[in-house]
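Below is the file upload_28.cif, which contains mmCIF, C-alpha atoms.
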```
data_protein
#
loop_
_atom_site.label_atom_id
_atom_site.label_comp_id
_atom_site.auth_asym_id
_atom_site.auth_seq_id
_atom_site.Cartn_x
_atom_site.Cartn_y
_atom_site.Cartn_z
CA MET A 11 85.35 116.51 112.03
CA LYS A 12 82.77 119.21 112.74
CA PHE A 13 82.13 118.69 116.46
CA CYS A 14 84.38 117.84 119.40
CA SER A 15 83.71 114.19 120.30
CA VAL A 16 84.58 114.89 123.95
CA CYS A 17 82.49 118.03 124.74
CA GLY A 18 80.28 118.49 121.66
CA SER A 19 81.57 121.99 120.83
CA ALA A 20 81.08 123.13 117.22
CA ASP A 21 84.04 125.53 117.48
CA ILE A 22 86.56 122.84 116.59
CA ALA A 23 89.27 124.08 114.21
CA LEU A 24 92.35 122.88 112.37
CA THR A 25 95.28 124.55 114.15
CA VAL A 26 98.89 123.69 114.99
CA PRO A 27 99.09 122.99 118.75
CA ASP A 28 101.99 124.46 120.78
CA GLY A 29 105.13 122.39 120.29
CA ASP A 30 103.63 120.54 117.33
CA GLN A 31 104.51 120.73 113.62
CA ARG A 32 101.16 119.75 112.14
CA ALA A 33 97.62 121.05 112.02
CA ARG A 34 95.25 119.00 114.20
CA TYR A 35 91.60 119.29 115.04
CA VAL A 36 91.76 121.18 118.35
CA CYS A 37 88.77 121.99 120.56
CA PRO A 38 88.99 125.53 122.00
CA SER A 39 86.33 124.68 124.62
CA CYS A 40 87.80 121.59 126.31
CA GLY A 41 91.35 121.71 124.86
CA THR A 42 91.28 118.20 123.38
CA VAL A 43 93.63 117.60 120.45
CA HIS A 44 92.09 115.03 118.08
CA TYR A 45 94.89 113.11 116.37
CA SER A 46 94.44 111.07 113.21
CA ASN A 47 97.06 108.49 112.23
CA PRO A 48 97.63 105.86 109.53
CA LYS A 49 95.88 102.51 109.70
CA ILE A 50 97.41 99.06 109.29
CA VAL A 51 95.90 96.62 106.79
CA CYS A 52 97.11 93.11 107.65
CA GLY A 53 96.67 89.92 105.70
CA VAL A 54 97.98 86.59 104.52
CA VAL A 55 99.38 84.99 101.36
CA PRO A 56 97.80 81.55 102.03
CA VAL A 57 99.78 78.81 100.33
CA PHE A 58 98.69 75.20 99.74
CA GLU A 59 101.29 73.07 97.95
CA ASP A 60 102.16 75.05 94.77
CA LYS A 61 99.04 77.23 94.91
CA VAL A 62 97.90 80.50 96.50
CA MET A 63 94.37 81.07 97.77
CA LEU A 64 92.55 84.17 96.56
CA CYS A 65 89.09 85.48 97.44
CA ARG A 66 86.65 87.16 95.06
CA ARG A 67 85.40 90.25 96.87
CA GLY A 68 81.73 90.19 97.83
CA ILE A 69 81.83 93.74 99.19
CA GLU A 70 82.90 97.19 98.04
CA PRO A 71 85.39 98.56 97.26
CA ARG A 72 86.46 96.47 94.23
CA PHE A 73 83.44 94.17 94.36
CA GLY A 74 84.05 91.10 92.16
CA LYS A 75 87.84 91.51 91.98
CA TRP A 76 90.28 88.97 93.46
CA THR A 77 92.19 89.69 96.64
CA LEU A 78 94.37 88.20 99.31
CA PRO A 79 92.50 87.93 102.62
CA ALA A 80 93.34 91.15 104.49
CA GLY A 81 91.71 93.99 106.38
CA PHE A 82 92.09 96.68 109.01
CA MET A 83 93.98 95.64 112.12
CA GLU A 84 91.78 96.06 115.21
CA ASN A 85 92.57 97.50 118.62
CA GLU A 86 93.93 95.09 121.25
CA GLU A 87 95.30 92.51 118.84
CA THR A 88 98.75 91.83 117.36
CA VAL A 89 99.45 92.29 113.64
CA GLU A 90 99.72 88.50 113.35
CA GLU A 91 96.39 87.95 115.13
CA GLY A 92 94.80 90.51 112.83
CA ALA A 93 96.11 88.77 109.71
CA GLN A 94 94.78 85.40 110.89
CA ARG A 95 91.44 86.90 111.95
CA GLU A 96 90.96 88.46 108.51
CA LEU A 97 91.77 85.13 106.84
CA TYR A 98 89.14 83.42 108.97
CA GLU A 99 86.51 86.16 108.50
CA GLU A 100 86.92 86.26 104.72
CA ALA A 101 87.56 82.59 103.94
CA VAL A 102 86.90 80.47 107.07
CA SER A 103 90.46 79.27 106.73
CA THR A 104 93.53 78.93 108.94
CA VAL A 105 97.26 78.81 108.28
CA SER A 106 100.51 78.31 110.05
CA LEU A 107 101.80 81.89 109.96
CA GLY A 108 105.29 82.38 108.56
CA LEU A 109 107.46 85.32 107.57
CA LEU A 110 106.38 88.89 107.11
CA LEU A 111 106.57 89.25 103.31
CA THR A 112 105.63 92.90 102.69
CA VAL A 113 105.41 96.26 104.44
CA ILE A 114 103.90 98.62 101.88
CA SER A 115 103.17 102.25 102.73
CA VAL A 116 100.29 103.85 100.85
CA PRO A 117 100.69 107.47 101.97
CA HIS A 118 97.92 109.04 99.89
CA ILE A 119 95.35 107.06 101.86
CA SER A 120 97.43 106.87 105.08
CA GLN A 121 97.64 103.08 105.20
CA VAL A 122 100.40 100.52 105.75
CA HIS A 123 99.77 97.05 104.29
CA MET A 124 101.53 94.13 105.99
CA MET A 125 101.20 90.67 104.45
CA TYR A 126 102.44 87.42 106.00
CA LEU A 127 103.27 84.10 104.42
CA GLY A 128 100.79 81.45 105.59
CA THR A 129 100.99 77.71 105.04
CA MET A 130 97.72 75.78 104.77
CA THR A 131 97.94 72.17 105.97
CA GLU A 132 94.80 71.30 104.01
CA PRO A 133 92.78 73.11 101.32
CA LYS A 134 89.97 74.07 103.70
CA PHE A 135 88.02 77.29 103.09
CA ALA A 136 84.47 78.49 102.48
CA VAL A 137 82.68 81.46 100.98
CA THR A 138 81.49 84.15 103.40
CA PRO A 139 79.49 87.39 103.14
CA GLU A 140 82.83 89.04 102.25
CA SER A 141 83.92 86.54 99.56
CA THR A 142 81.66 85.16 96.83
CA GLU A 143 84.25 82.70 95.50
CA ILE A 144 87.50 81.27 96.87
CA LYS A 145 90.02 79.40 94.78
CA LEU A 146 93.57 78.07 94.75
CA PHE A 147 95.72 79.38 91.89
CA THR A 148 99.08 78.30 90.53
CA GLU A 149 101.34 81.20 89.51
CA ALA A 150 100.31 80.77 85.87
CA GLU A 151 96.62 80.88 86.82
CA ILE A 152 96.69 84.10 88.92
CA PRO A 153 94.14 86.55 87.45
CA TRP A 154 96.67 89.40 87.33
CA GLY A 155 94.31 91.70 85.44
CA GLU A 156 91.50 91.22 87.95
CA LEU A 157 93.27 91.82 91.26
CA ALA A 158 91.51 94.19 93.66
CA PHE A 159 94.47 96.22 94.94
CA ARG A 160 98.02 97.07 93.91
CA THR A 161 99.32 95.95 97.33
CA VAL A 162 97.91 92.48 96.57
CA LYS A 163 99.74 92.42 93.23
CA THR A 164 103.00 93.48 94.92
CA ALA A 165 102.64 90.81 97.62
CA LEU A 166 101.91 88.06 95.08
CA GLU A 167 104.78 89.10 92.78
CA HIS A 168 107.13 89.16 95.76
CA PHE A 169 105.97 85.77 97.03
CA PHE A 170 106.50 84.08 93.64
CA GLU A 171 109.90 85.79 93.27
CA CYS A 172 110.94 84.48 96.72
CA ARG A 173 109.73 81.01 95.83
CA ARG A 174 111.75 81.06 92.61
CA THR A 175 114.96 82.09 94.36
CA GLY A 176 114.30 80.00 97.47
CA GLU A 177 115.14 83.04 99.62
CA PHE A 178 112.21 84.55 101.49
CA THR A 179 112.78 88.20 102.31
CA LEU A 180 110.79 91.22 103.48
CA LYS A 181 109.85 93.61 100.69
CA ARG A 182 109.38 97.23 101.70
CA SER A 183 107.84 99.60 99.22
CA ARG A 184 105.47 102.51 98.72
CA ILE A 185 102.52 102.92 96.39
CA ASP A 186 101.51 106.41 95.28
CA MET B 11 83.63 109.48 122.67
CA LYS B 12 80.54 111.29 123.99
CA PHE B 13 79.41 113.23 120.92
CA CYS B 14 79.30 112.39 117.21
CA SER B 15 82.12 114.33 115.54
CA VAL B 16 80.11 114.54 112.30
CA CYS B 17 76.68 115.77 113.48
CA GLY B 18 77.20 116.64 117.16
CA SER B 19 74.57 114.19 118.48
CA ALA B 20 74.94 113.14 122.13
CA ASP B 21 73.10 109.86 121.47
CA ILE B 22 76.24 108.06 120.33
CA ALA B 23 76.44 104.49 121.63
CA LEU B 24 78.72 101.44 121.55
CA THR B 25 76.92 98.91 119.37
CA VAL B 26 77.85 96.17 116.91
CA PRO B 27 76.98 97.41 113.40
CA ASP B 28 75.24 95.02 110.96
CA GLY B 29 77.74 92.61 109.42
CA ASP B 30 80.42 93.56 111.95
CA GLN B 31 81.89 91.50 114.82
CA ARG B 32 82.90 94.34 117.13
CA ALA B 33 81.27 97.12 119.11
CA ARG B 34 81.89 100.55 117.55
CA TYR B 35 80.77 104.03 118.42
CA VAL B 36 77.75 104.42 116.16
CA CYS B 37 75.69 107.61 115.76
CA PRO B 38 71.94 106.86 115.58
CA SER B 39 71.27 110.35 114.18
CA CYS B 40 73.55 110.46 111.13
CA GLY B 41 74.55 106.76 110.95
CA THR B 42 78.31 107.36 111.11
CA VAL B 43 80.37 104.45 112.44
CA HIS B 44 83.43 105.81 114.26
CA TYR B 45 86.26 103.29 113.94
CA SER B 46 89.32 103.26 116.17
CA ASN B 47 92.43 101.32 115.10
CA PRO B 48 95.98 100.71 116.33
CA LYS B 49 98.70 103.31 115.82
CA ILE B 50 102.19 102.79 114.45
CA VAL B 51 105.18 104.05 116.41
CA CYS B 52 108.17 104.25 114.06
CA GLY B 53 111.78 104.94 114.88
CA VAL B 54 115.46 104.34 114.29
CA VAL B 55 118.39 102.52 115.91
CA PRO B 56 120.97 105.16 114.86
CA VAL B 57 124.43 103.62 114.64
CA PHE B 58 127.76 105.44 114.42
CA GLU B 59 130.79 103.14 114.23
CA ASP B 60 130.43 100.77 117.23
CA LYS B 61 127.94 103.01 119.07
CA VAL B 62 124.19 103.60 119.22
CA MET B 63 122.66 107.04 119.75
CA LEU B 64 120.10 107.39 122.52
CA CYS B 65 118.05 110.42 123.60
CA ARG B 66 117.15 111.37 127.16
CA ARG B 67 113.45 112.20 127.12
CA GLY B 68 112.57 115.83 127.77
CA ILE B 69 108.82 115.16 127.70
CA GLU B 70 106.34 112.83 129.36
CA PRO B 71 105.79 109.93 129.46
CA ARG B 72 109.05 108.58 130.93
CA PHE B 73 110.65 112.02 131.31
CA GLY B 74 114.40 111.66 131.98
CA LYS B 75 114.66 108.07 130.72
CA TRP B 76 116.69 107.07 127.66
CA THR B 77 115.03 106.16 124.39
CA LEU B 78 115.61 105.47 120.72
CA PRO B 79 114.22 108.29 118.57
CA ALA B 80 110.68 107.20 117.67
CA GLY B 81 107.13 108.46 117.64
CA PHE B 82 103.69 108.20 116.09
CA MET B 83 103.61 107.79 112.33
CA GLU B 84 101.67 110.65 110.71
CA ASN B 85 99.10 110.61 107.92
CA GLU B 86 100.39 110.93 104.36
CA GLU B 87 103.90 109.63 105.03
CA THR B 88 105.61 106.25 104.65
CA VAL B 89 106.81 104.30 107.71
CA GLU B 90 110.40 105.06 106.64
CA GLU B 91 109.69 108.79 106.29
CA GLY B 92 108.08 108.75 109.72
CA ALA B 93 111.11 107.07 111.31
CA GLN B 94 113.49 109.62 109.77
CA ARG B 95 111.21 112.53 110.70
CA GLU B 96 111.14 111.41 114.32
CA LEU B 97 114.94 111.12 114.36
CA TYR B 98 115.22 114.67 113.05
CA GLU B 99 112.58 116.10 115.40
CA GLU B 100 114.08 114.49 118.50
CA ALA B 101 117.79 114.71 117.73
CA VAL B 102 118.34 116.92 114.63
CA SER B 103 120.06 113.93 113.10
CA THR B 104 119.92 111.98 109.84
CA VAL B 105 120.84 108.43 108.87
CA SER B 106 121.04 106.21 105.86
CA LEU B 107 118.04 103.99 106.57
CA GLY B 108 118.67 100.24 106.51
CA LEU B 109 116.73 97.12 107.42
CA LEU B 110 113.53 96.93 109.38
CA LEU B 111 114.76 95.44 112.68
CA THR B 112 111.60 95.03 114.76
CA VAL B 113 107.83 94.83 114.44
CA ILE B 114 106.53 94.68 118.00
CA SER B 115 102.81 94.57 118.73
CA VAL B 116 101.71 96.10 122.04
CA PRO B 117 98.05 95.06 122.06
CA HIS B 118 97.09 96.43 125.49
CA ILE B 119 97.71 99.97 124.20
CA SER B 120 96.85 99.17 120.53
CA GLN B 121 100.26 100.11 119.13
CA VAL B 122 102.74 98.53 116.72
CA HIS B 123 106.37 99.63 117.12
CA MET B 124 108.56 99.44 114.01
CA MET B 125 112.27 100.23 114.34
CA TYR B 126 114.75 100.55 111.47
CA LEU B 127 118.50 100.25 111.42
CA GLY B 128 120.05 103.64 110.58
CA THR B 129 123.69 104.35 109.77
CA MET B 130 125.07 107.77 110.71
CA THR B 131 127.86 108.99 108.43
CA GLU B 132 128.99 111.46 111.10
CA PRO B 133 128.16 111.90 114.80
CA LYS B 134 125.93 114.92 114.21
CA PHE B 135 122.99 115.56 116.55
CA ALA B 136 121.64 118.22 118.90
CA VAL B 137 119.32 118.48 121.87
CA THR B 138 115.74 119.56 121.16
CA PRO B 139 112.63 120.35 123.23
CA GLU B 140 111.97 116.59 123.17
CA SER B 141 115.48 115.45 124.22
CA THR B 142 117.51 117.02 127.03
CA GLU B 143 120.63 114.97 126.33
CA ILE B 144 121.84 112.90 123.38
CA LYS B 145 124.74 110.49 123.55
CA LEU B 146 126.47 107.65 121.70
CA PHE B 147 126.77 104.42 123.70
CA THR B 148 128.77 101.24 123.15
CA GLU B 149 126.89 98.05 124.03
CA ALA B 150 128.63 97.94 127.42
CA GLU B 151 127.60 101.53 128.16
CA ILE B 152 123.86 101.22 127.36
CA PRO B 153 121.86 102.35 130.44
CA TRP B 154 119.70 99.20 130.43
CA GLY B 155 118.07 100.06 133.74
CA GLU B 156 117.08 103.54 132.59
CA LEU B 157 115.44 102.83 129.23
CA ALA B 158 112.08 104.50 128.65
CA PHE B 159 110.16 101.66 126.99
CA ARG B 160 110.31 97.87 126.70
CA THR B 161 110.12 98.12 122.91
CA VAL B 162 113.35 100.16 123.01
CA LYS B 163 115.04 97.46 125.10
CA THR B 164 113.87 94.75 122.68
CA ALA B 165 115.13 96.71 119.65
CA LEU B 166 118.53 97.34 121.24
CA GLU B 167 118.94 93.72 122.36
CA HIS B 168 118.01 92.53 118.88
CA PHE B 169 120.39 94.97 117.17
CA PHE B 170 123.36 93.89 119.32
CA GLU B 171 122.47 90.21 118.80
CA CYS B 172 122.39 90.76 115.01
CA ARG B 173 125.71 92.57 115.16
CA ARG B 174 127.26 89.69 117.11
CA THR B 175 126.08 87.05 114.64
CA GLY B 176 126.61 89.25 111.57
CA GLU B 177 123.13 88.31 110.37
CA PHE B 178 120.56 91.12 110.44
CA THR B 179 117.02 89.81 110.68
CA LEU B 180 113.55 91.12 111.44
CA LYS B 181 112.38 90.40 114.98
CA ARG B 182 108.62 90.09 115.48
CA SER B 183 107.28 89.99 118.98
CA ARG B 184 104.52 91.13 121.32
CA ILE B 185 104.69 92.92 124.63
CA ASP B 186 101.82 92.47 127.10
#
```
Here is the file; what I need is its structure written in the form of structure tokens.
Amino acid sequence: MKFCSVCGSADIALTVPDGDQRARYVCPSCGTVHYSNPKIVCGVVPVFEDKVMLCRRGIEPRFGKWTLPAGFMENEETVEEGAQRELYEEAVSTVSLGLLLTVISVPHISQVHMMYLGTMTEPKFAVTPESTEIKLFTEAEIPWGELAFRTVKTALEHFFECRRTGEFTLKRSRID
Amino acid sequence: MKFCSVCGSADIALTVPDGDQRARYVCPSCGTVHYSNPKIVCGVVPVFEDKVMLCRRGIEPRFGKWTLPAGFMENEETVEEGAQRELYEEAVSTVSLGLLLTVISVPHISQVHMMYLGTMTEPKFAVTPESTEIKLFTEAEIPWGELAFRTVKTALEHFFECRRTGEFTLKRSRID
């Protein structure tokens, strides 16, 4: 941030506002404090029978790697709506949304990844500009070495562990 | 947003970028797309024996009303660290953090409220600039009519319901 987005001043500076504990971008001209906060990445573990649907990324970052459908939650939606929207945008697919499976904080990039269990009633999906290939994988077939993100690996490992035990729980963790 | 925070241009406009589905503030001079996303409010239901600790708000909004200690998650922390930081900032108190009790989307203000169960080992707390009064309440004593936010009411109702049944679960809901 080099200019105040409210008044255009170039005198913006990182300072700790009165009564605050953290440095913020504060505009000395109009007084606006510009806060920056973590973003939510929401997505789905889409399950059809004994298989999980993964998408091969058609965009950066991690172009060509496999991922669960997920992306940044948008303003004016719920986390659940965001997860289902991302599934539709990336794979033209829908699910019956189930439990929240993971809440994973990724503090070094100020993100929180939240993945839901989703049950597909039929194996319906299609490639999109965001996904060059979409496929259903059994646990044995998951391309563990070619997953796009560590939060995807954690969510998949947790899902298969829950399925083995028959007890579906929320996994909370952090990735550094 | 009236000026680009990167280059200072006043020509910033709400437009849908290529390949996007939503209008964003886009700078025609330097090309920066300025995204805005929901914020996480994280907090604690601090429990000591059969009582819950509430804080009387010493700041706006809802000055004078009772709340659970909670606030905006900050960059470079986990949701759990944020919840414990807010508890300390508002009430100079600490807990052993337990289950995630609620994930409540509030889409009209683009927030997600996440409240954790917290067990106090001793009834230690103190007023702060943010809290003019801090008190432990049994369920019967909770000032239901004087709570600051609906997400606080939902979290308290859910906590007491869990305590009654002996089964602590995650409640997901939305408030419109």
Q.
Let me make sure I understand: among B:His168, B:His123, B:Arg66, B:Lys163, which one has the smallest atom-to-atom distance to chain A if we use only C-alpha atoms?
A.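 Comparing B:His168, B:His123, B:Arg66, B:Lys163 against chain A, the winner is B:His123.
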Q) Got a sec to resolve the PyMOL selection byres ((chain A) within 9 of (chain B)) on this structure and send the residues as a ChimeraX atom specification? A) /A:11-20,29,46-50,82-90,110,113-122,139,180,182-184
(Q) When the PyMOL selection byres ((chain A and resi 127) around 12) is applied to the structure above, which residues does it catch, written out as a ChimeraX atom specification? (A) /A:52-58,62-63,78-79,90,93-94,97,104-112,124-126,128-130,165-166,168-170,172-173,178-180
Q.
On this structure, the PyMOL selection byres ((chain A and resi 74) around 10) would catch which residues? List them as a list in words, sorted by chain and number.
A. Cys65, Arg66, Arg67, Gly68, Ile69, Glu70, Pro71, Arg72, Phe73, Lys75, Trp76, Thr77, Ser141, Thr142, Glu143, Glu156, Leu157 and Ala158 of chain A
Q) What's the 7 Å shell around Val36 (chain B), counting all atoms listed in the file, without same-chain residues fewer than 3 positions away, as a list of chain:residue names? A) B:Ile22, B:Ala23, B:Leu24, B:Thr25, B:Gly41, B:Thr42, B:Val43, B:His44
Quick one: write out the picked residues with C-alpha atoms as a PDB file, in the coordinates of the input?
```pdb
ATOM      1  CA  ILE B  22      76.240 108.060 120.330  1.00  0.00           C
ATOM      2  CA  ALA B  23      76.440 104.490 121.630  1.00  0.00           C
ATOM      3  CA  LEU B  24      78.720 101.440 121.550  1.00  0.00           C
ATOM      4  CA  THR B  25      76.920  98.910 119.370  1.00  0.00           C
ATOM      5  CA  GLY B  41      74.550 106.760 110.950  1.00  0.00           C
ATOM      6  CA  THR B  42      78.310 107.360 111.110  1.00  0.00           C
ATOM      7  CA  VAL B  43      80.370 104.450 112.440  1.00  0.00           C
ATOM      8  CA  HIS B  44      83.430 105.810 114.260  1.00  0.00           C
TER       9      HIS B  44
END
```
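Pairwise distance (CA of Glu177 (chain B), CA of Thr131 (chain B)) equals 21.3 Å.
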